[in-house]
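What follows is the content of coords_12.csv, which has CSV, C-alpha atoms and all ligand atoms:
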```csv
chain,number,residue,atom,x,y,z
A,1,MET,CA,16.5,-19.6,5.0
A,2,ARG,CA,14.2,-22.5,4.4
A,3,THR,CA,11.4,-23.6,6.6
A,4,PRO,CA,10.8,-27.3,6.2
A,5,GLY,CA,9.1,-27.5,9.5
A,6,SER,CA,6.4,-25.1,8.6
A,7,ARG,CA,6.1,-26.6,5.2
A,8,GLN,CA,5.3,-29.9,6.7
A,9,ALA,CA,2.9,-28.4,9.1
A,10,TRP,CA,0.9,-26.8,6.3
A,11,ARG,CA,-2.0,-28.7,4.9
A,12,PRO,CA,-3.8,-28.1,1.6
A,13,PRO,CA,-7.0,-26.1,2.0
A,14,ILE,CA,-10.2,-28.1,2.1
A,15,ARG,CA,-11.9,-25.9,-0.4
A,16,TRP,CA,-10.5,-23.5,-3.0
A,17,PRO,CA,-11.9,-20.2,-4.0
A,18,GLY,CA,-14.6,-20.8,-6.5
A,19,ASP,CA,-15.1,-24.5,-5.6
A,20,ARG,CA,-18.6,-23.8,-4.4
A,21,ALA,CA,-19.6,-22.7,-7.9
A,22,ASP,CA,-17.7,-25.5,-9.5
A,23,PRO,CA,-20.2,-27.6,-11.5
A,24,ARG,CA,-17.8,-30.5,-12.0
A,25,ILE,CA,-18.8,-33.6,-10.0
A,26,GLY,CA,-17.7,-37.3,-9.8
A,27,ARG,CA,-14.7,-38.4,-11.7
A,28,GLU,CA,-14.0,-35.1,-13.5
A,29,ARG,CA,-13.9,-33.4,-10.1
A,30,GLU,CA,-11.4,-36.0,-8.8
A,31,VAL,CA,-9.1,-35.3,-11.8
A,32,ALA,CA,-9.4,-31.6,-11.0
A,33,VAL,CA,-8.3,-32.2,-7.4
A,34,VAL,CA,-5.2,-34.1,-8.6
A,35,VAL,CA,-4.3,-31.1,-10.7
A,36,ARG,CA,-4.7,-28.9,-7.7
A,37,GLU,CA,-2.3,-31.0,-5.6
A,38,GLU,CA,0.3,-30.6,-8.3
A,39,GLU,CA,-0.3,-26.8,-8.3
A,40,LEU,CA,0.2,-26.7,-4.5
A,41,ARG,CA,3.7,-28.0,-5.0
A,42,HIS,CA,4.5,-25.1,-7.3
A,43,LEU,CA,2.9,-22.7,-4.8
A,44,ARG,CA,4.9,-24.1,-1.9
A,45,ARG,CA,8.0,-23.6,-4.0
A,46,CYS,CA,7.0,-19.9,-4.5
A,47,VAL,CA,6.9,-19.5,-0.7
A,48,GLU,CA,10.3,-21.2,-0.4
A,49,LEU,CA,11.7,-18.8,-3.0
A,50,ALA,CA,10.2,-15.9,-1.1
A,51,ALA,CA,11.9,-17.2,2.1
A,52,GLU,CA,15.2,-17.4,0.1
A,53,ALA,CA,14.8,-13.8,-0.9
A,54,LEU,CA,14.3,-12.9,2.7
A,55,SER,CA,17.4,-14.9,3.8
A,56,VAL,CA,19.6,-12.7,1.5
A,57,GLY,CA,18.0,-9.5,2.7
A,58,ASP,CA,15.5,-9.0,-0.1
A,59,GLU,CA,11.7,-8.6,0.0
A,60,PRO,CA,10.0,-12.0,0.2
A,61,PHE,CA,8.5,-12.7,-3.2
A,62,GLY,CA,9.0,-15.8,-5.3
A,63,SER,CA,7.6,-17.1,-8.6
A,64,VAL,CA,7.6,-20.2,-10.8
A,65,LEU,CA,6.9,-20.5,-14.5
A,66,VAL,CA,5.3,-23.8,-15.5
A,67,SER,CA,4.7,-25.0,-19.0
A,68,GLY,CA,1.3,-26.3,-20.3
A,69,GLU,CA,2.6,-29.8,-19.8
A,70,GLY,CA,3.4,-29.1,-16.1
A,71,LYS,CA,7.1,-28.8,-16.4
A,72,VAL,CA,8.9,-26.1,-14.3
A,73,LEU,CA,10.6,-23.8,-16.8
A,74,ALA,CA,12.1,-21.1,-14.7
A,75,GLU,CA,11.9,-19.6,-11.2
A,76,ASP,CA,13.1,-16.5,-9.4
A,77,HIS,CA,12.8,-14.4,-6.3
A,78,ASN,CA,12.8,-10.7,-5.7
A,79,ARG,CA,16.2,-9.0,-6.3
A,80,VAL,CA,15.5,-5.3,-5.5
A,81,ALA,CA,17.9,-5.1,-2.5
A,82,GLY,CA,20.6,-3.8,-4.9
A,83,GLY,CA,18.5,-0.7,-5.6
A,84,ASP,CA,16.7,-1.7,-8.9
A,85,HIS,CA,13.1,-1.9,-7.8
A,86,THR,CA,12.0,-3.4,-11.1
A,87,ARG,CA,13.7,-6.7,-10.3
A,88,HIS,CA,10.5,-8.6,-9.4
A,89,PRO,CA,10.4,-12.3,-10.2
A,90,GLU,CA,7.2,-12.0,-12.2
A,91,PHE,CA,8.8,-9.4,-14.5
A,92,GLU,CA,11.9,-11.6,-14.9
A,93,LEU,CA,9.8,-14.6,-15.8
A,94,ALA,CA,7.8,-12.6,-18.4
A,95,ARG,CA,10.9,-11.4,-20.1
A,96,TRP,CA,12.5,-14.9,-19.9
A,97,SER,CA,9.4,-16.3,-21.5
A,98,ALA,CA,9.5,-13.8,-24.3
A,99,ALA,CA,13.1,-14.8,-25.1
A,100,HIS,CA,12.7,-18.6,-24.8
A,101,LEU,CA,9.1,-19.6,-25.6
A,102,THR,CA,6.8,-19.4,-28.6
A,103,PRO,CA,3.6,-17.4,-28.3
A,104,GLY,CA,1.7,-20.7,-28.0
A,105,GLU,CA,3.9,-21.9,-25.3
A,106,ARG,CA,3.5,-18.7,-23.4
A,107,ALA,CA,-0.2,-18.8,-23.6
A,108,ALA,CA,-0.3,-22.3,-22.3
A,109,ALA,CA,2.1,-21.6,-19.4
A,110,THR,CA,1.1,-20.7,-15.8
A,111,VAL,CA,2.9,-18.4,-13.5
A,112,TYR,CA,2.7,-19.4,-9.8
A,113,THR,CA,3.7,-16.6,-7.4
A,114,SER,CA,3.8,-15.9,-3.7
A,115,GLY,CA,2.1,-12.6,-4.1
A,116,GLU,CA,-0.2,-11.2,-6.8
A,117,HIS,CA,1.6,-9.4,-9.6
A,118,CYS,CA,2.1,-5.7,-9.2
A,119,PRO,CA,0.9,-3.5,-12.1
A,120,MET,CA,4.3,-3.5,-13.7
A,121,CYS,CA,4.5,-7.3,-13.7
A,122,ALA,CA,0.9,-7.7,-14.7
A,123,ALA,CA,1.5,-5.5,-17.7
A,124,ALA,CA,4.6,-7.4,-18.7
A,125,HIS,CA,2.7,-10.7,-18.2
A,126,GLY,CA,-0.1,-9.4,-20.5
A,127,TRP,CA,2.2,-7.9,-23.1
A,128,VAL,CA,4.1,-11.2,-23.6
A,129,GLY,CA,0.9,-13.2,-23.7
A,130,LEU,CA,1.5,-15.5,-20.8
A,131,GLY,CA,-1.4,-17.7,-19.5
A,132,ARG,CA,-2.9,-18.1,-16.1
A,133,ILE,CA,-1.7,-16.6,-12.9
A,134,VAL,CA,-2.1,-18.4,-9.5
A,135,TYR,CA,-1.0,-16.4,-6.5
A,136,VAL,CA,-0.8,-17.3,-2.8
A,137,ALA,CA,-1.6,-13.8,-1.4
A,138,SER,CA,-3.5,-11.0,-3.1
A,139,SER,CA,-2.3,-7.5,-3.5
A,140,ALA,CA,-5.2,-6.4,-1.3
A,141,GLN,CA,-3.9,-8.7,1.5
A,142,LEU,CA,-0.4,-7.4,1.1
A,143,VAL,CA,-1.6,-3.8,1.3
A,144,SER,CA,-3.5,-4.5,4.5
A,145,TRP,CA,-0.6,-6.4,6.0
A,146,LEU,CA,2.0,-3.7,5.2
A,147,ALA,CA,-0.4,-1.0,6.6
A,148,GLU,CA,-0.6,-2.9,9.8
A,149,LEU,CA,3.2,-3.0,9.9
A,150,GLY,CA,3.4,0.8,9.3
A,151,VAL,CA,5.2,0.4,5.9
A,152,PRO,CA,4.8,3.6,3.7
A,153,GLU,CA,2.7,3.2,0.6
A,154,PRO,CA,4.5,2.1,-2.5
A,155,PRO,CA,5.1,4.5,-5.4
A,156,VAL,CA,2.9,2.4,-7.7
A,157,ARG,CA,-0.8,1.9,-7.0
A,158,PRO,CA,-1.4,-1.8,-6.0
A,159,LEU,CA,-4.1,-2.5,-8.6
A,160,PRO,CA,-5.2,-6.1,-9.0
A,161,VAL,CA,-4.1,-8.0,-12.1
A,162,SER,CA,-7.7,-7.9,-13.4
A,163,GLU,CA,-7.5,-4.1,-13.6
A,164,VAL,CA,-4.2,-4.2,-15.6
A,165,ALA,CA,-4.5,-7.3,-17.8
A,166,PRO,CA,-8.2,-8.1,-17.9
A,167,ARG,CA,-7.9,-11.1,-20.2
A,168,VAL,CA,-5.6,-13.0,-17.9
A,169,VAL,CA,-7.2,-15.8,-15.8
A,170,VAL,CA,-6.2,-15.2,-12.2
A,171,GLU,CA,-6.7,-17.5,-9.2
A,172,GLY,CA,-6.0,-17.0,-5.5
A,173,PRO,CA,-5.5,-16.4,-2.6
A,174,VAL,CA,-4.6,-19.8,-1.1
A,175,PRO,CA,-6.0,-20.1,2.4
A,176,GLY,CA,-3.4,-21.3,4.9
A,177,LEU,CA,-0.3,-20.8,2.7
A,178,ASP,CA,-1.1,-17.1,2.6
A,179,GLU,CA,-0.4,-16.9,6.3
A,180,GLU,CA,3.1,-18.1,5.7
A,181,VAL,CA,3.6,-15.3,3.2
A,182,ARG,CA,2.3,-12.9,5.7
A,183,GLU,CA,4.8,-14.1,8.3
A,184,LEU,CA,7.7,-13.6,5.8
A,185,HIS,CA,6.6,-10.0,5.2
A,186,ARG,CA,6.3,-9.4,8.9
A,187,ARG,CA,9.8,-10.7,9.4
A,188,PHE,CA,11.2,-8.5,6.5
A,189,HIS,CA,9.7,-5.3,7.9
A,190,ARG,CA,10.1,-6.1,11.6
A,191,GLY,CA,13.4,-7.8,11.3
A,192,ALA,CA,12.3,-10.5,13.8
A,201,ZN,ZN,6.0,-6.7,-9.7
```

Represent the structure from my file as structure tokens, please.
Ligand SMILES: [Zn+2]
Amino acid sequence: MRTPGSRQAWRPPIRWPGDRADPRIGREREVAVVVREEELRHLRRCVELAAEALSVGDEPFGSVLVSGEGKVLAEDHNRVAGGDHTRHPEFELARWSAAHLTPGERAAATVYTSGEHCPMCAAAHGWVGLGRIVYVASSAQLVSWLAELGVPEPPVRPLPVSEVAPRVVVEGPVPGLDEEVRELHRRFHRGA
């Protein structure tokens, strides 16, 4: 299940979290915006992957691992429908990176993801020494959305990444795109 219509309808946010405090101006700032546009492509792919998961009856989560040079290395979506609830995409990408990348390559890499890492995935991310995380929706947002839908609390406390892996640089949420993620979760739990 892909949603090209809604993807086209979505527009990049005018301002990112932290932009107000960003001291960069002029040409440097323009370069930073170009980087952001590239990152939005990865984030949109994460939402696509989450939609793919939903289309095969799984929870809508998707993630992309990108090298320090900006190359997409691996991607995955949630695969917990078979009963193994550790099959999160962020966990798979952490283990893939440990098997295929050097420590330096892992540190330079970025994980883009539709939803902030859960504590299990944040721990794996920290243990294998991966770099930055950019998420579309935060764990706090997901908790509030699932509470509204009447979904029982998960067996693992939804701590933010910063509580589990404090040295990892984390950015998000992404205004606008987060509403698409919210809709995917609503459809998963409401079946509409
Ligand atoms: Zn997880």

Within 12 Å of (9.7, -14.2, -19.0), in the coordinates the file gives, what residues turn up when you count only C-alpha atoms, written out as a ChimeraX atom specification?
/A:63-67,73-76,88-103,105-107,109-111,121-122,124-131

Determine, for each residue of chain A having at least one atom at most 12 Å from an atom of ligand ZN 201 (chain A), the closest pair of atoms and their separation in Å to one decimal, counting all atoms listed in the file; order by chain and ascending number, as CSV.
```
residue,atom,partner,partner_atom,distance
A:Glu59,CA,A:ZN201,ZN,11.4
A:Pro60,CA,A:ZN201,ZN,11.9
A:Phe61,CA,A:ZN201,ZN,9.2
A:Gly62,CA,A:ZN201,ZN,10.5
A:Ser63,CA,A:ZN201,ZN,10.6
A:His77,CA,A:ZN201,ZN,10.8
A:Asn78,CA,A:ZN201,ZN,8.8
A:Arg79,CA,A:ZN201,ZN,11.0
A:Val80,CA,A:ZN201,ZN,10.5
A:Asp84,CA,A:ZN201,ZN,11.8
A:His85,CA,A:ZN201,ZN,8.8
A:Thr86,CA,A:ZN201,ZN,7.0
A:Arg87,CA,A:ZN201,ZN,7.7
A:His88,CA,A:ZN201,ZN,4.9
A:Pro89,CA,A:ZN201,ZN,7.1
A:Glu90,CA,A:ZN201,ZN,6.0
A:Phe91,CA,A:ZN201,ZN,6.2
A:Glu92,CA,A:ZN201,ZN,9.3
A:Leu93,CA,A:ZN201,ZN,10.7
A:Ala94,CA,A:ZN201,ZN,10.7
A:Thr113,CA,A:ZN201,ZN,10.4
A:Ser114,CA,A:ZN201,ZN,11.2
A:Gly115,CA,A:ZN201,ZN,9.0
A:Glu116,CA,A:ZN201,ZN,8.2
A:His117,CA,A:ZN201,ZN,5.2
A:Cys118,CA,A:ZN201,ZN,4.1
A:Pro119,CA,A:ZN201,ZN,6.5
A:Met120,CA,A:ZN201,ZN,5.4
A:Cys121,CA,A:ZN201,ZN,4.3
A:Ala122,CA,A:ZN201,ZN,7.2
A:Ala123,CA,A:ZN201,ZN,9.3
A:Ala124,CA,A:ZN201,ZN,9.1
A:His125,CA,A:ZN201,ZN,10.0
A:Ser139,CA,A:ZN201,ZN,10.4
A:Pro154,CA,A:ZN201,ZN,11.5
A:Val156,CA,A:ZN201,ZN,9.8
A:Arg157,CA,A:ZN201,ZN,11.3
A:Pro158,CA,A:ZN201,ZN,9.6
A:Leu159,CA,A:ZN201,ZN,11.0
A:Pro160,CA,A:ZN201,ZN,11.2
A:Val161,CA,A:ZN201,ZN,10.5
```

Between A:Glu148, A:Glu163, A:Glu180, A:Glu69, which one has atoms that come closest to Leu43 in chain A, using only C-alpha atoms?
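Looking only at the distances to Leu43 in chain A, the closest residue turns out to be A:Glu180.
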
Set the distance at 12 Å and use only C-alpha atoms: which residues neighbour Ser144 in chain A once local chain neighbours fewer than 5 positions away are removed? I'd like the list as a compact mmCIF listing (two decimals) with C-alpha atoms, keeping the file's coordinate frame.
```txt
# COMPACT_ATOMS: atom_id res chain seq x y z
CA ALA A 137 -1.60 -13.80 -1.40
CA SER A 138 -3.50 -11.00 -3.10
CA SER A 139 -2.30 -7.50 -3.50
CA LEU A 149 3.20 -3.00 9.90
CA GLY A 150 3.40 0.80 9.30
CA VAL A 151 5.20 0.40 5.90
CA PRO A 152 4.80 3.60 3.70
CA GLU A 153 2.70 3.20 0.60
CA PRO A 158 -1.40 -1.80 -6.00
CA ARG A 182 2.30 -12.90 5.70
CA HIS A 185 6.60 -10.00 5.20
CA ARG A 186 6.30 -9.40 8.90
```

Looking at all atoms listed in the file, which of A:Val136, A:Gly83, A:Glu52, A:Val72 is the one that sits closest to Val181 in chain A?
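The closest residue to Val181 in chain A is A:Val136.
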
Atom pair CA of Val168 in chain A + CA of Val143 in chain A, distance 21.7 Å
